[in-house]
Amino acid sequence: MAMTYTCHGAAREVTGSCHLVTCGNHRVLIDCGLFQGDARSESRNGADFGFDPASIEVVLLTHAHLDHCGRLPLLVRGGFRGIIFATAATIELSRIVLLDAANLQVEEAARDRRRGEISAEPLYDVDDALHTFDFFRAVDYGVPITVTPGMVARFSDAGHILGSATVTIEMSEGSTRRTIVLSGDIGNPGRPLLRDPTPAPPADFVVMESTYGDRAHKSFKASVDELYDAVGLTLQRRGNVIIPTFALERAQEVLHSLAAGMRDGRLPPAPVFLDSPMAISATEVFRRHPECLRAPIGSDPDDDPFQMPGMHFTRSTAESMALNTIHSGAVILAGAGMCNGGRVRHHLAHNLWSVRSSIIFVGFAASSTLARRIIDGARHVTLFGHDVPVRAQIWTINGFSAHADQPALLQWLGDSPRKRIFLVHGEEERGMRAFASKLEASGYACTLPTPGECIALD
């Protein structure tokens, strides 16, 4: 029987990661994420998977970002009854992410029904999300697990977010042996909180993300310096700093940098608000998993890498709304990072028009998102039905990215021979094709899978 690979998500696009690997009659899924971005992308979340969920024996979850785990409740609702393997930290973070997603979908469906869309239903609800966790089982880095007859998997540290993993699957069918590595999202090395990604092992095939395959990031040190400049200048002119923040990893890394800057005197004391219930909960998970952090941060249980004078966690809606009465001198980190939802949109509505304030983007913004429109120079945006002029200073600091840049991707891949490299999770006309050209110039055979294309691992 054949060994095959099929990309059912993140094929020539950034979100919706979902990869099917078969060996004989056995079927293993790596990730099952939501499509995110514009309405067209999100409309695909409720569509057919392209395979029967009940036929999947095992899911190997690389990490807890929504575009990698967000359709797991739908998979379970569709009949999946196998095991979902993930690291302990990923399981904790996935619980936060999936429950938040379920609540948001229920709220959005209720709002749509109030607007007259009678058929509006959430993709899944809280009960579906909770049921999904009946199938999770924790796995440690480096420990081989037999996932099906003829398929053995190992997780290694991807250095992307807390608990993130690259998955290596060794397959055997009769006398045929194949090894395939699925990168998940590869982290940016040299950051202060998380360890560097473990290099890819020797393998016949590599499924590899390519988000920033066309460029090099600014160094982390230079990015921190720029963050300090942006925050310091804004506070000096008595404005507010708004940082649209991804709840997992980015928020914690920025908090750690701000704390270090205030501790070292490079930033003036200022109230810092983490205005994201998910990011607050994720920060607590970081504190519970020091084994995933870079030494020496994780070695001293009394050392809190996020604490600083003036630090405030704003969990409630009332606390968040109260921040809109602060007209100067505050640093506010709020979700979501791409500004396509969450509390940050309210803070943008109250600060984008102010020449004294700054909006600091510290992560990837997909096309068609509000964040990308602002980054690309929009003079006006629409928020809550109102036209808002963009007068605040806009900063884009890409060295905080949790994704490896082109040099780091090449470093992770190494120079081992490969039969073929499949590039996924990237914008086709930017990171993906540029990275394919770079790899092909080095002698690698590359494929950009199309959605649902079944490829024999010969």
# chains A, B, ... in the order shown; residues from 1 in each chain; ligands from 1
$ residues_around --residues "segment 38-46 of chain A" --least-positions-apart "3" --cutoff "12 Å" --atoms "only C-alpha atoms" --output "number ranges by chain"
A: 8-10, 13-18, 32-35, 49-50, 66-67, 70-75, 77-78, 105, 120-124, 338-341, 365-370, 372
$ select_by_dssp --residues "segment 144-391 of chain A" --states "strand (DSSP E)" --output "CSV table (one decimal) with C-alpha atoms, in the first residue's frame"
chain,number,residue,atom,x,y,z
A,145,ILE,CA,5.4,7.1,20.2
A,146,THR,CA,3.8,4.4,18.1
A,147,VAL,CA,0.9,6.2,16.6
A,148,THR,CA,-0.3,3.4,14.3
A,151,MET,CA,4.2,4.8,12.0
A,152,VAL,CA,6.4,6.1,14.8
A,153,ALA,CA,6.4,9.8,15.7
A,154,ARG,CA,8.8,12.1,17.6
A,155,PHE,CA,8.2,15.6,18.8
A,156,SER,CA,11.1,18.1,18.9
A,157,ASP,CA,11.1,21.7,20.1
A,165,ALA,CA,6.8,21.0,18.1
A,166,THR,CA,8.2,19.8,14.9
A,167,VAL,CA,6.9,16.2,14.1
A,168,THR,CA,9.0,13.5,12.6
A,169,ILE,CA,7.2,10.4,11.4
A,170,GLU,CA,9.1,7.2,10.5
A,171,MET,CA,7.0,4.9,8.3
A,172,SER,CA,7.4,1.3,7.3
A,173,GLU,CA,5.3,-0.9,4.9
A,176,THR,CA,9.7,0.2,2.3
A,177,ARG,CA,10.9,2.8,4.8
A,178,ARG,CA,10.2,6.5,4.6
A,179,THR,CA,10.7,9.4,7.0
A,180,ILE,CA,8.8,12.7,6.8
A,181,VAL,CA,9.3,15.8,8.9
A,182,LEU,CA,6.5,18.3,9.4
A,205,PHE,CA,10.6,14.4,2.9
A,206,VAL,CA,10.1,17.7,4.7
A,207,VAL,CA,6.8,19.7,4.9
A,208,MET,CA,8.0,23.1,5.8
A,209,GLU,CA,6.5,26.5,6.6
A,241,VAL,CA,1.1,53.2,23.0
A,242,ILE,CA,-1.2,50.5,21.5
A,243,ILE,CA,0.4,47.1,20.7
A,244,PRO,CA,-1.9,44.7,18.9
A,272,VAL,CA,1.4,48.8,31.3
A,273,PHE,CA,-1.9,47.0,30.6
A,274,LEU,CA,-2.3,43.5,29.3
A,275,ASP,CA,-5.8,43.8,28.0
A,311,MET,CA,1.8,46.1,35.4
A,312,HIS,CA,-1.9,45.6,35.2
A,313,PHE,CA,-3.9,42.6,34.0
A,331,VAL,CA,1.1,51.2,27.2
A,332,ILE,CA,-1.7,48.8,26.2
A,333,LEU,CA,-1.2,45.4,24.8
A,334,ALA,CA,-4.5,44.0,23.5
A,358,SER,CA,1.6,55.2,18.4
A,359,ILE,CA,0.5,51.8,17.1
A,360,ILE,CA,3.2,49.2,17.2
A,361,PHE,CA,2.8,46.1,15.2
A,380,HIS,CA,-8.7,56.1,7.1
A,381,VAL,CA,-10.2,52.8,8.4
A,382,THR,CA,-13.7,51.8,9.5
A,383,LEU,CA,-14.2,50.8,13.1
A,386,HIS,CA,-17.4,54.9,11.9
A,387,ASP,CA,-14.6,56.4,9.7
A,388,VAL,CA,-11.5,56.8,11.8
A,389,PRO,CA,-8.5,58.8,10.4
$ atom_distance --atom1 "atom CA of Phe364 of chain A" --atom2 "atom CA of Pro202 of chain A"
29.6 Å
$ closest_residue --among "A:Pro144, A:Pro417, A:Pro53, A:Gly213" --to "Arg433 of chain A" --atoms "only C-alpha atoms"
A:Gly213
$ closest_atom_pairs --of "segment 184-208 of chain A" --to "segment 214-220 of chain A" --cutoff "12 Å" --atoms "only C-alpha atoms" --output "Markdown table"
| residue | atom | partner | partner_atom | distance |
| --- | --- | --- | --- | --- |
| A:Asn188 | CA | A:His217 | CA | 9.0 |
| A:Pro189 | CA | A:Phe220 | CA | 9.1 |
| A:Gly190 | CA | A:Phe220 | CA | 7.2 |
| A:Arg191 | CA | A:Phe220 | CA | 6.7 |
| A:Pro192 | CA | A:Phe220 | CA | 9.0 |
| A:Leu193 | CA | A:Phe220 | CA | 11.8 |
